[in-house]
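Data from final01.pdb: PDB, C-alpha atoms
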MODEL        1
ATOM      1  CA  MET L   1      -1.841  23.459  -9.538
ATOM      2  CA  ASP L   2      -3.683  23.882 -12.811
ATOM      3  CA  ALA L   3      -5.715  21.107 -14.438
ATOM      4  CA  ALA L   4      -3.274  20.588 -17.319
ATOM      5  CA  LEU L   5      -0.330  20.017 -14.976
ATOM      6  CA  ARG L   6      -2.424  17.741 -12.735
ATOM      7  CA  ALA L   7      -3.384  15.652 -15.812
ATOM      8  CA  ARG L   8       0.230  15.477 -16.989
ATOM      9  CA  LEU L   9       1.393  14.326 -13.548
ATOM     10  CA  ALA L  10      -1.386  11.714 -13.406
ATOM     11  CA  GLU L  11      -0.266  10.402 -16.807
ATOM     12  CA  LEU L  12       3.353  10.291 -15.592
ATOM     13  CA  CYS L  13       2.359   8.329 -12.484
ATOM     14  CA  ALA L  14       0.283   5.888 -14.541
ATOM     15  CA  GLU L  15       3.236   5.357 -16.877
ATOM     16  CA  GLY L  16       5.469   4.880 -13.821
ATOM     17  CA  TRP L  17       3.193   2.162 -12.454
ATOM     18  CA  ALA L  18       3.174   0.423 -15.863
ATOM     19  CA  ILE L  19       7.001   0.501 -15.949
ATOM     20  CA  TRP L  20       7.110  -0.833 -12.376
ATOM     21  CA  GLU L  21       4.725  -3.726 -13.138
ATOM     22  CA  LYS L  22       6.748  -4.727 -16.202
ATOM     23  CA  PHE L  23       9.987  -4.497 -14.174
ATOM     24  CA  ASP L  24       8.507  -6.491 -11.309
ATOM     25  CA  VAL L  25       7.537  -9.366 -13.613
ATOM     26  CA  GLY L  26      10.573  -9.170 -15.895
ATOM     27  CA  VAL L  27      13.282  -8.708 -13.256
ATOM     28  CA  ARG L  28      12.097  -9.000  -9.658
ATOM     29  CA  ASP L  29      10.243 -12.281 -10.258
ATOM     30  CA  HIS L  30      13.611 -13.820 -11.190
ATOM     31  CA  GLU L  31      16.102 -12.151  -8.833
ATOM     32  CA  PHE L  32      16.256  -9.620  -6.052
ATOM     33  CA  HIS L  33      16.461  -5.992  -7.130
ATOM     34  CA  PRO L  34      16.078  -3.055  -4.698
ATOM     35  CA  PHE L  35      13.831  -0.985  -7.029
ATOM     36  CA  VAL L  36      10.353  -0.589  -5.564
ATOM     37  CA  ALA L  37       8.039   2.136  -6.846
ATOM     38  CA  ALA L  38       7.464   4.993  -4.388
ATOM     39  CA  ASP L  39       4.108   6.311  -3.228
ATOM     40  CA  TYR L  40       3.826   8.780  -6.107
ATOM     41  CA  GLU L  41       0.829  10.660  -4.674
ATOM     42  CA  GLY L  42       2.445  10.954  -1.244
ATOM     43  CA  VAL L  43       5.663  12.279  -2.760
ATOM     44  CA  LEU L  44       3.698  14.695  -4.969
ATOM     45  CA  THR L  45       1.931  16.073  -1.891
ATOM     46  CA  ALA L  46       5.291  16.597  -0.144
ATOM     47  CA  LEU L  47       6.838  18.253  -3.200
ATOM     48  CA  LEU L  48       3.887  20.612  -3.592
ATOM     49  CA  ARG L  49       4.430  21.870  -0.028
ATOM     50  CA  HIS L  50       7.998  22.891  -0.910
ATOM     51  CA  ARG L  51       7.547  23.906  -4.542
ATOM     52  CA  ALA L  52       9.464  27.035  -5.535
ATOM     53  CA  GLN L  53      11.219  28.057  -8.737
ATOM     54  CA  GLY L  54      14.977  27.692  -8.778
ATOM     55  CA  LEU L  55      15.267  24.995  -6.127
ATOM     56  CA  LYS L  56      17.589  22.107  -6.962
ATOM     57  CA  PHE L  57      16.098  18.646  -6.408
ATOM     58  CA  LEU L  58      17.988  15.347  -6.219
ATOM     59  CA  GLU L  59      16.570  11.845  -6.074
ATOM     60  CA  TRP L  60      18.760   9.140  -4.559
ATOM     61  CA  GLY L  61      18.158   5.868  -6.393
ATOM     62  CA  SER L  62      15.976   7.412  -9.083
ATOM     63  CA  ALA L  63      15.092   4.079 -10.759
ATOM     64  CA  SER L  64      12.610   4.769 -13.598
ATOM     65  CA  GLY L  65      12.820   8.521 -12.978
ATOM     66  CA  VAL L  66       9.167   9.216 -12.160
ATOM     67  CA  ILE L  67       9.845  11.254  -8.993
ATOM     68  CA  THR L  68      12.673  13.249 -10.597
ATOM     69  CA  ILE L  69      10.546  14.024 -13.660
ATOM     70  CA  MET L  70       7.654  14.959 -11.362
ATOM     71  CA  ALA L  71       9.945  17.430  -9.581
ATOM     72  CA  ASP L  72      11.006  18.919 -12.922
ATOM     73  CA  LEU L  73       7.398  19.332 -14.065
ATOM     74  CA  LEU L  74       6.689  21.144 -10.782
ATOM     75  CA  GLY L  75       9.466  23.656 -11.501
ATOM     76  CA  PHE L  76      12.436  22.227  -9.608
ATOM     77  CA  GLU L  77      15.816  21.904 -11.329
ATOM     78  CA  ALA L  78      15.699  18.123 -11.068
ATOM     79  CA  TYR L  79      18.409  15.451 -11.022
ATOM     80  CA  GLY L  80      18.469  11.744 -10.269
ATOM     81  CA  ILE L  81      21.253   9.276  -9.500
ATOM     82  CA  GLU L  82      20.689   5.568 -10.127
ATOM     83  CA  LEU L  83      23.147   2.672  -9.872
ATOM     84  CA  ASP L  84      21.367   0.467 -12.445
ATOM     85  CA  ALA L  85      22.409   1.719 -15.910
ATOM     86  CA  ASP L  86      19.363   0.083 -17.567
ATOM     87  CA  LEU L  87      17.030   2.008 -15.251
ATOM     88  CA  VAL L  88      18.919   5.226 -16.091
ATOM     89  CA  LYS L  89      18.134   4.547 -19.774
ATOM     90  CA  THR L  90      14.485   3.997 -18.838
ATOM     91  CA  ALA L  91      14.425   7.270 -16.871
ATOM     92  CA  ARG L  92      16.000   9.243 -19.715
ATOM     93  CA  SER L  93      13.496   7.783 -22.172
ATOM     94  CA  LEU L  94      10.588   8.621 -19.863
ATOM     95  CA  ALA L  95      11.909  12.173 -19.456
ATOM     96  CA  THR L  96      12.019  12.569 -23.233
ATOM     97  CA  ARG L  97       8.417  11.313 -23.579
ATOM     98  CA  PHE L  98       7.264  13.850 -20.983
ATOM     99  CA  ASP L  99       9.335  16.693 -22.448
ATOM    100  CA  SER L 100      11.213  16.943 -19.142
ATOM    101  CA  ARG L 101      14.571  18.593 -18.546
ATOM    102  CA  ALA L 102      15.340  16.198 -15.660
ATOM    103  CA  ARG L 103      18.907  14.888 -15.766
ATOM    104  CA  PHE L 104      20.018  11.421 -14.695
ATOM    105  CA  ALA L 105      23.441  10.038 -13.793
ATOM    106  CA  ALA L 106      24.466   6.400 -13.612
ATOM    107  CA  GLY L 107      26.265   5.688 -10.358
ATOM    108  CA  SER L 108      25.979   5.624  -6.592
ATOM    109  CA  PHE L 109      24.383   8.452  -4.637
ATOM    110  CA  LEU L 110      27.108   8.012  -2.021
ATOM    111  CA  PRO L 111      29.828  10.656  -2.391
ATOM    112  CA  SER L 112      33.341   9.351  -3.073
ATOM    113  CA  GLY L 113      35.016   8.386   0.189
ATOM    114  CA  TYR L 114      31.789   8.121   2.214
ATOM    115  CA  VAL L 115      31.905   5.342   4.818
ATOM    116  CA  TRP L 116      28.869   4.562   6.980
ATOM    117  CA  ARG L 117      29.984   4.205  10.616
ATOM    118  CA  PRO L 118      26.910   3.705  12.793
ATOM    119  CA  SER L 119      27.173   3.681  16.565
ATOM    120  CA  GLY L 120      25.825   0.105  16.557
ATOM    121  CA  GLY L 121      28.800  -1.147  14.572
ATOM    122  CA  ASP L 122      27.210  -2.677  11.434
ATOM    123  CA  GLY L 123      28.342  -0.390   8.623
ATOM    124  CA  ARG L 124      26.968  -2.384   5.700
ATOM    125  CA  ILE L 125      25.035  -0.255   3.242
ATOM    126  CA  ALA L 126      22.352  -2.887   2.589
ATOM    127  CA  THR L 127      20.581  -2.394  -0.740
ATOM    128  CA  ILE L 128      22.419   0.837  -1.636
ATOM    129  CA  GLY L 129      25.026  -1.068  -3.669
ATOM    130  CA  ASP L 130      28.564  -0.192  -4.656
ATOM    131  CA  GLY L 131      29.626   1.887  -7.609
ATOM    132  CA  ALA L 132      31.322   5.068  -8.661
ATOM    133  CA  SER L 133      29.727   8.184  -7.243
ATOM    134  CA  GLY L 134      27.193   9.782  -9.612
ATOM    135  CA  TYR L 135      27.850  13.353  -8.470
ATOM    136  CA  ARG L 136      30.743  13.813 -10.879
ATOM    137  CA  GLU L 137      28.521  12.992 -13.865
ATOM    138  CA  LEU L 138      25.838  15.362 -12.563
ATOM    139  CA  GLY L 139      28.385  18.135 -12.104
ATOM    140  CA  HIS L 140      26.902  19.026  -8.705
ATOM    141  CA  PRO L 141      27.963  17.851  -5.223
ATOM    142  CA  LEU L 142      25.339  16.961  -2.615
ATOM    143  CA  ASP L 143      25.683  20.297  -0.837
ATOM    144  CA  GLU L 144      24.296  22.147  -3.877
ATOM    145  CA  PHE L 145      20.827  20.585  -3.561
ATOM    146  CA  ASP L 146      17.917  22.237  -1.772
ATOM    147  CA  VAL L 147      15.659  19.162  -1.683
ATOM    148  CA  VAL L 148      16.786  15.520  -1.648
ATOM    149  CA  PHE L 149      14.429  12.546  -1.903
ATOM    150  CA  GLY L 150      15.128   8.914  -1.027
ATOM    151  CA  TYR L 151      13.185   5.718  -0.485
ATOM    152  CA  PRO L 152      15.131   3.794   2.179
ATOM    153  CA  TRP L 153      14.707   0.116   2.829
ATOM    154  CA  GLY L 154      14.390  -0.862   6.491
ATOM    155  CA  GLY L 155      17.517   0.149   8.388
ATOM    156  CA  GLU L 156      18.816   2.565   5.713
ATOM    157  CA  GLU L 157      17.178   5.712   7.079
ATOM    158  CA  PRO L 158      19.945   6.420   9.683
ATOM    159  CA  MET L 159      22.595   6.124   6.957
ATOM    160  CA  MET L 160      20.710   8.608   4.743
ATOM    161  CA  LEU L 161      20.418  11.044   7.654
ATOM    162  CA  ASP L 162      24.149  10.690   8.314
ATOM    163  CA  LEU L 163      24.888  11.288   4.649
ATOM    164  CA  MET L 164      22.930  14.563   4.717
ATOM    165  CA  LYS L 165      24.582  15.694   7.962
ATOM    166  CA  ARG L 166      28.046  15.073   6.564
ATOM    167  CA  TYR L 167      27.656  16.156   2.919
ATOM    168  CA  GLY L 168      24.392  18.077   2.541
ATOM    169  CA  ARG L 169      23.654  21.686   3.364
ATOM    170  CA  SER L 170      22.392  22.383   6.878
ATOM    171  CA  ASP L 171      19.235  24.006   5.487
ATOM    172  CA  ALA L 172      18.548  21.333   2.845
ATOM    173  CA  LEU L 173      15.307  19.398   3.002
ATOM    174  CA  LEU L 174      15.499  15.592   3.015
ATOM    175  CA  LEU L 175      12.297  13.750   2.089
ATOM    176  CA  LEU L 176      12.294  10.037   2.886
ATOM    177  CA  ASN L 177       9.479   7.811   1.659
ATOM    178  CA  THR L 178       9.460   5.466   4.654
ATOM    179  CA  VAL L 179       7.743   2.091   4.546
ATOM    180  CA  ASN L 180       5.328   2.712   7.419
ATOM    181  CA  GLY L 181       5.416   6.481   7.965
ATOM    182  CA  GLY L 182       4.810   7.858   4.481
ATOM    183  CA  VAL L 183       7.002  10.758   3.394
ATOM    184  CA  VAL L 184       8.950  12.099   6.385
ATOM    185  CA  GLU L 185      10.714  15.474   6.221
ATOM    186  CA  TYR L 186      14.100  16.330   7.750
ATOM    187  CA  ARG L 187      16.243  19.469   7.678
ATOM    188  CA  GLY L 188      20.013  19.214   7.745
ATOM    189  CA  GLY L 189      19.894  15.488   8.468
ATOM    190  CA  SER L 190      17.718  15.759  11.602
TER
ENDMDL
END
Write the structure described by the file as structure tokens, please.
Amino acid sequence: MDAALRARLAELCAEGWAIWEKFDVGVRDHEFHPFVAADYEGVLTALLRHRAQGLKFLEWGSASGVITIMADLLGFEAYGIELDADLVKTARSLATRFDSRARFAAGSFLPSGYVWRPSGGDGRIATIGDGASGYRELGHPLDEFDVVFGYPWGGEEPMMLDLMKRYGRSDALLLLNTVNGGVVEYRGGS
């Protein structure tokens, strides 16, 4: 990666942390919200390993858009889906400031009709939230993406794996920014 791109990505990450700190004080100090900033450097390292022109990238729960914009700056065709419409506005604004072509949709990253049915019985979707599926607004179903990124809360990882097995491509890469394990890579939901 050249020095100019490295500097641009560092600036993006710094801006992302500033947005997160403002959000944490302005929103999370008053009520629960599932947005937590990812490990930007860890995700960047994972994306660099799989960087190739023409690959389609999707971020589940894209929040402020930092990871999706990062993917775009690295050459991916990048998309993000976020349930919180205010965060979608933030992401679009950040993309404009960084001259990014990343696209963001307001909605759920769960495809229409998806129902989580774990073997243990508890099918609640935890912090994922309910809303209309964002894939329609994006104009691309889940099985069109080469690389998908998510940041699951505890207990959500099996649901995300199931989602990829049922709706993603068998050769698609799923990157999950786990709480204790860093960024973990899966293919085809396994």
Please build the interface table for segment 80-104 of chain L against segment 53-58 of chain L with a cut-off of 12 Å, listing for each qualifying residue the nearest atom pair and the distance in Å to one decimal; count all atoms listed in the file, order rows by chain and increasing number, and write it as JSON lines.
{"residue": "L:Gly80", "atom": "CA", "partner": "L:Leu58", "partner_atom": "CA", "distance": 5.4}
{"residue": "L:Ile81", "atom": "CA", "partner": "L:Leu58", "partner_atom": "CA", "distance": 7.6}
{"residue": "L:Glu82", "atom": "CA", "partner": "L:Leu58", "partner_atom": "CA", "distance": 10.9}
{"residue": "L:Ala102", "atom": "CA", "partner": "L:Phe57", "partner_atom": "CA", "distance": 9.6}
{"residue": "L:Arg103", "atom": "CA", "partner": "L:Leu58", "partner_atom": "CA", "distance": 9.6}
{"residue": "L:Phe104", "atom": "CA", "partner": "L:Leu58", "partner_atom": "CA", "distance": 9.6}
For the structure shown, which residues end up in the PyMOL selection byres ((chain L and resi 49) around 12)? Put them as a short mmCIF file (atom, residue, chain, number, x, y, z; two decimals) with C-alpha atoms, keeping the file's coordinate frame, please?
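Result written to selection19.cif:
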data_model
loop_
_atom_site.label_atom_id
_atom_site.label_comp_id
_atom_site.auth_asym_id
_atom_site.auth_seq_id
_atom_site.Cartn_x
_atom_site.Cartn_y
_atom_site.Cartn_z
CA MET L 1 -1.84 23.46 -9.54
CA GLY L 42 2.44 10.95 -1.24
CA VAL L 43 5.66 12.28 -2.76
CA LEU L 44 3.70 14.70 -4.97
CA THR L 45 1.93 16.07 -1.89
CA ALA L 46 5.29 16.60 -0.14
CA LEU L 47 6.84 18.25 -3.20
CA LEU L 48 3.89 20.61 -3.59
CA HIS L 50 8.00 22.89 -0.91
CA ARG L 51 7.55 23.91 -4.54
CA ALA L 52 9.46 27.04 -5.54
CA ALA L 71 9.94 17.43 -9.58
CA LEU L 74 6.69 21.14 -10.78
CA VAL L 147 15.66 19.16 -1.68
CA LEU L 173 15.31 19.40 3.00
CA LEU L 175 12.30 13.75 2.09
CA VAL L 183 7.00 10.76 3.39
CA GLU L 185 10.71 15.47 6.22
#
Expand the PyMOL selection byres ((chain L and resi 159) around 9) into the explicit residue set it covers here, and present it as an MDAnalysis selection string.
chainID L and resid 116:118 123 125 155:158 160:164
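With distances taken over all atoms listed in the file, L:Asp146 is the one residue among L:Leu5, L:Pro152, L:Asp146, L:Gly131 lying closest to Ala172 of chain L.
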Minimum-distance residue to Tyr40 of chain L, chosen among L:Ile128, L:Ala18, L:Cys13, L:Leu94 (using all atoms listed in the file):
L:Cys13
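Relative to atom CA of Glu144 of chain L, atom CA of Tyr186 of chain L is found at 16.5 Å.
With the shown file loaded, the PyMOL selection byres ((chain L and resi 72) around 10) picks out Lys56, Phe57, Val66, Ile67, Thr68, Ile69, Met70, Ala71, Leu73, Leu74, Gly75, Phe76, Glu77, Ala78, Tyr79, Ala95, Asp99, Ser100, Arg101, Ala102 and Arg103 of chain L.
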